[in-house]
$ cat data-v6.txt   # compact mmCIF, C-alpha atoms
# COMPACT_ATOMS: atom_id res chain seq x y z
CA MET A 29 11.72 18.63 -57.26
CA ILE A 30 12.22 21.61 -54.96
CA ASN A 31 9.16 20.50 -52.92
CA LEU A 32 10.78 17.11 -52.36
CA ILE A 33 14.03 18.69 -51.13
CA ILE A 34 12.21 21.09 -48.80
CA GLY A 35 10.06 18.22 -47.45
CA ALA A 36 13.12 16.05 -46.81
CA VAL A 37 14.91 18.90 -45.01
CA LEU A 38 11.82 19.56 -42.85
CA LEU A 39 11.50 15.85 -42.07
CA ILE A 40 15.18 15.62 -41.08
CA LEU A 41 14.80 18.77 -38.95
CA ALA A 42 11.69 17.39 -37.21
CA VAL A 43 13.38 14.03 -36.47
CA PHE A 44 16.45 15.86 -35.18
CA LEU A 45 14.34 18.03 -32.84
CA ILE A 46 12.33 15.05 -31.56
CA VAL A 47 15.54 13.13 -30.80
CA ARG A 48 16.99 16.15 -28.96
CA ILE A 49 13.81 16.60 -26.91
CA PHE A 50 13.72 12.93 -25.86
CA LYS A 51 17.45 13.07 -25.05
CA SER A 52 16.87 16.09 -22.81
CA ILE A 53 13.92 14.41 -21.06
CA ILE A 54 15.95 11.24 -20.41
CA GLU A 55 18.90 13.29 -19.10
CA GLY A 56 16.53 15.20 -16.79
CA VAL A 57 15.02 12.00 -15.40
CA ILE A 58 18.50 10.56 -14.83
CA LEU A 59 19.67 13.72 -13.04
CA ILE A 60 16.58 13.75 -10.80
CA ALA A 61 17.17 10.08 -9.96
CA VAL A 62 20.81 10.81 -9.10
CA VAL A 63 19.77 13.69 -6.81
CA VAL A 64 17.13 11.54 -5.09
CA LEU A 65 19.63 8.70 -4.56
CA ALA A 66 22.25 11.16 -3.27
CA CYS A 67 19.71 12.53 -0.79
CA TYR A 68 18.90 8.99 0.32
CA PHE A 69 22.55 8.05 0.87
CA ILE A 70 23.54 11.37 2.49
CA PHE A 71 20.48 12.08 4.66
CA GLY A 72 19.14 8.54 5.10
CA GLY A 73 15.77 9.28 3.50
CA LEU A 74 14.13 10.48 0.34
CA PRO A 75 13.28 14.18 -0.02
CA ASP A 76 9.69 15.31 0.52
CA LEU A 77 8.62 16.64 -2.88
CA ALA A 78 5.67 18.54 -1.38
CA LYS A 79 8.09 20.96 0.33
CA ILE A 80 9.54 22.24 -2.94
CA PRO A 81 8.48 25.91 -3.32
CA LEU A 82 5.98 26.71 -6.11
CA ILE A 83 5.90 23.28 -7.76
CA GLY A 84 5.63 21.04 -4.68
CA PRO A 85 1.83 21.06 -4.40
CA ALA A 86 1.48 20.46 -8.15
CA ILE A 87 3.91 17.53 -8.03
CA GLN A 88 1.86 15.91 -5.27
CA LYS A 89 -1.18 15.72 -7.54
CA PHE A 90 0.62 13.72 -10.23
CA ILE A 91 3.15 11.65 -8.30
CA PRO A 92 1.95 9.21 -5.63
CA LYS A 93 3.52 9.50 -2.17
CA PHE A 94 6.49 7.22 -1.86
CA PRO A 95 8.02 6.16 1.45
CA THR A 96 10.69 8.62 2.55
CA SER A 97 12.39 6.58 5.26
CA LEU A 98 13.49 3.02 5.84
CA GLU A 99 10.74 2.67 8.46
CA GLU A 100 8.02 3.62 5.96
CA ILE A 101 9.47 1.20 3.39
CA ILE A 102 9.38 -1.67 5.92
CA VAL A 103 5.81 -0.78 6.93
CA GLY A 104 4.80 -0.76 3.25
CA ILE A 105 6.34 -4.17 2.63
CA LYS A 106 4.70 -5.57 5.77
CA GLY A 107 1.36 -4.17 4.57
CA VAL A 108 1.64 -6.18 1.37
CA ALA A 109 2.96 -9.35 3.00
CA TYR A 110 0.72 -9.33 6.09
CA SER A 111 -2.82 -8.15 5.47
CA ILE A 112 -6.16 -9.33 6.82
CA ASP A 113 -9.77 -8.29 6.17
CA ILE A 114 -12.99 -8.90 8.06
CA LEU A 115 -15.59 -10.13 5.57
CA GLY A 116 -18.59 -10.35 7.85
CA ILE A 117 -20.03 -10.69 11.33
CA SER A 118 -22.83 -13.02 12.47
CA ARG A 119 -24.04 -15.00 15.49
CA ASP A 120 -24.14 -18.76 16.06
CA ALA A 121 -26.93 -20.75 17.76
CA ALA A 122 -25.44 -20.04 21.21
CA ASP A 123 -25.36 -16.28 20.39
CA ASN A 124 -21.54 -16.24 20.20
CA LEU A 125 -20.01 -13.81 17.73
CA LEU A 126 -18.76 -15.29 14.42
CA ILE A 127 -16.16 -13.23 12.58
CA THR A 128 -15.28 -14.22 9.01
CA VAL A 129 -11.72 -13.15 8.13
CA THR A 130 -9.58 -13.63 5.04
CA ASN A 131 -5.83 -13.35 4.48
CA THR A 132 -5.40 -10.75 1.73
CA GLY A 133 -1.62 -10.63 2.13
CA LYS A 134 1.06 -12.82 0.59
CA ALA A 135 2.39 -14.49 3.76
CA THR A 136 0.84 -16.93 6.24
CA LEU A 137 -0.85 -15.44 9.32
CA SER A 138 -1.07 -17.08 12.75
CA ASP A 139 -1.85 -16.48 16.43
CA PHE A 140 -5.08 -14.53 16.10
CA LYS A 141 -6.30 -12.14 18.79
CA VAL A 142 -9.75 -10.55 18.82
CA TYR A 143 -10.75 -7.34 20.59
CA VAL A 144 -14.40 -6.36 20.89
CA ASP A 145 -14.96 -2.77 22.02
CA ASN A 146 -11.26 -2.66 23.03
CA LYS A 147 -11.57 -5.73 25.30
CA ARG A 148 -9.70 -8.91 24.48
CA VAL A 149 -12.03 -11.87 24.02
CA ASP A 150 -11.34 -15.60 23.84
CA ILE A 151 -11.52 -17.47 20.54
CA LEU A 152 -13.60 -20.58 21.15
CA ASN A 153 -12.76 -22.57 18.01
CA GLU A 154 -9.33 -23.84 16.98
CA VAL A 155 -7.89 -21.62 14.25
CA LYS A 156 -5.14 -22.96 12.05
CA ASP A 157 -2.55 -20.81 10.30
CA LEU A 158 -4.13 -18.86 7.46
CA SER A 159 -2.30 -18.99 4.13
CA SER A 160 -2.62 -16.31 1.47
CA GLY A 161 -6.15 -16.13 0.08
CA GLU A 162 -7.67 -18.46 2.69
CA THR A 163 -10.73 -17.57 4.74
CA THR A 164 -11.73 -18.75 8.20
CA VAL A 165 -14.37 -18.08 10.86
CA LEU A 166 -13.40 -17.02 14.37
CA GLN A 167 -15.97 -17.96 17.02
CA VAL A 168 -15.52 -15.63 19.99
CA ASP A 169 -17.07 -15.52 23.42
CA TRP A 170 -19.08 -12.27 23.10
CA LYS A 171 -22.83 -12.31 23.52
CA GLU A 172 -23.42 -8.58 24.06
CA VAL A 173 -23.95 -5.73 21.63
CA PHE A 174 -20.73 -4.28 20.15
CA SER A 175 -19.62 -1.24 18.20
CA LYS A 176 -16.08 -2.20 17.13
CA ILE A 177 -14.20 -5.43 16.43
CA GLU A 178 -10.47 -5.66 15.82
CA VAL A 179 -8.63 -8.79 14.71
CA GLN A 180 -4.85 -8.91 15.12
CA THR A 181 -2.19 -11.48 14.31
CA LYS A 182 1.28 -12.30 15.55
CA GLN A 183 2.64 -10.71 12.37
CA GLU A 184 1.03 -7.34 13.32
CA ALA A 185 -1.67 -7.52 10.66
CA LYS A 186 -4.86 -5.79 11.78
CA ALA A 187 -8.42 -5.55 10.55
CA GLU A 188 -11.14 -3.42 12.05
CA TYR A 189 -14.92 -3.62 11.75
CA LYS A 190 -17.11 -0.79 13.04
CA LEU A 191 -20.87 -0.56 13.24
CA ILE A 192 -22.26 2.66 11.87
$ encode --input "data-v6.txt" --output "structure tokens"
Amino acid sequence: MINLIIGAVLLILAVFLIVRIFKSIIEGVILIAVVVLACYFIFGGLPDLAKIPLIGPAIQKFIPKFPTSLEEIIVGIKGVAYSIDILGISRDAADNLLITVTNTGKATLSDFKVYVDNKRVDILNEVKDLSSGETTVLQVDWKEVFSKIEVQTKQEAKAEYKLI
């Protein structure tokens, strides 16, 4: 009987300590969130956690870098909404350059511009607006050897292809 009483007391004590620990962790997270929001509203940006003495470098290893200004937030959102990739490069029968691009973002892309070795080149085929997930081929007037191709859109999405 005494073993049962001691076991029940230990169980109650363990549950009590676990509840207190979780309560303290939740309060700590809430306080950190309040400080971060206060910094945002007072200074117009989030604090740079890497600059905290002693623990800053350790925090950087576990917490991904978040945008610290409104500009970085807008750039991040644009990166998700407007994104383009170059899938491949080839040549057609007339030795024009064929660039296969795909819209990896969530929004429609339009008004494509192609730069080969930092020179703007004309797109020979008609390119329609590219919805999310669609792929198209850009036929450009470039018959020479190249080292770098950059495709840009009106929405400031960019993709770069470099030869090694």
$ closest_residue --input "data-v6.txt" --among "A:Val108, A:Ile151, A:Ile34, A:Ile114" --to "Lys134 of chain A" --atoms "all atoms listed in the file"
A:Val108
$ residues_around --input "data-v6.txt" --residues "Ile112 of chain A" --least-positions-apart "6" --cutoff "8 Å" --atoms "all atoms listed in the file" --output "VMD selection string"
chain A and resid 129 to 133 185 to 187
$ residues_near_point --input "data-v6.txt" --point "(-2.4, -21.2, 5.1)" --cutoff "9 Å" --atoms "only C-alpha atoms" --output "PyMOL selection string"
chain A and resi 131+135-138+156-162
$ closest_residue --input "data-v6.txt" --among "A:Gly116, A:Gly35, A:Gly84, A:Gly72" --to "Lys190 of chain A" --atoms "only C-alpha atoms"
A:Gly116
$ closest_residue --input "data-v6.txt" --among "A:Gly104, A:Leu38, A:Leu115, A:Cys67" --to "Ile177 of chain A" --atoms "only C-alpha atoms"
A:Leu115
$ residues_around --input "data-v6.txt" --residues "Leu126 of chain A" --least-positions-apart "3" --cutoff "8 Å" --atoms "only C-alpha atoms" --output "VMD selection string"
chain A and resid 117 to 120 165 to 168
$ write_last_selection --input "data-v6.txt" --atoms "C-alpha atoms" --output "PDB file, in the frame of the given file"
ATOM      1  CA  ILE A 117     -20.030 -10.690  11.330  1.00  0.00           C
ATOM      2  CA  SER A 118     -22.830 -13.020  12.470  1.00  0.00           C
ATOM      3  CA  ARG A 119     -24.040 -15.000  15.490  1.00  0.00           C
ATOM      4  CA  ASP A 120     -24.140 -18.760  16.060  1.00  0.00           C
ATOM      5  CA  VAL A 165     -14.370 -18.080  10.860  1.00  0.00           C
ATOM      6  CA  LEU A 166     -13.400 -17.020  14.370  1.00  0.00           C
ATOM      7  CA  GLN A 167     -15.970 -17.960  17.020  1.00  0.00           C
ATOM      8  CA  VAL A 168     -15.520 -15.630  19.990  1.00  0.00           C
TER       9      VAL A 168
END
$ atom_distance --input "data-v6.txt" --atom1 "atom CA of Glu184 of chain A" --atom2 "atom CA of Ser97 of chain A"
19.7 Å
$ closest_residue --input "data-v6.txt" --among "A:Ile127, A:Ala61, A:Val37, A:Met29" --to "Thr164 of chain A" --atoms "only C-alpha atoms"
A:Ile127
$ axis_aligned_box --input "data-v6.txt" --around "segment 121-135 of chain A" --padding-each-side "8 Å" --output "JSON"
{"center_x": -12.3, "center_y": -15.7, "center_z": 10.9, "size_x": 45.3, "size_y": 26.1, "size_z": 36.6}
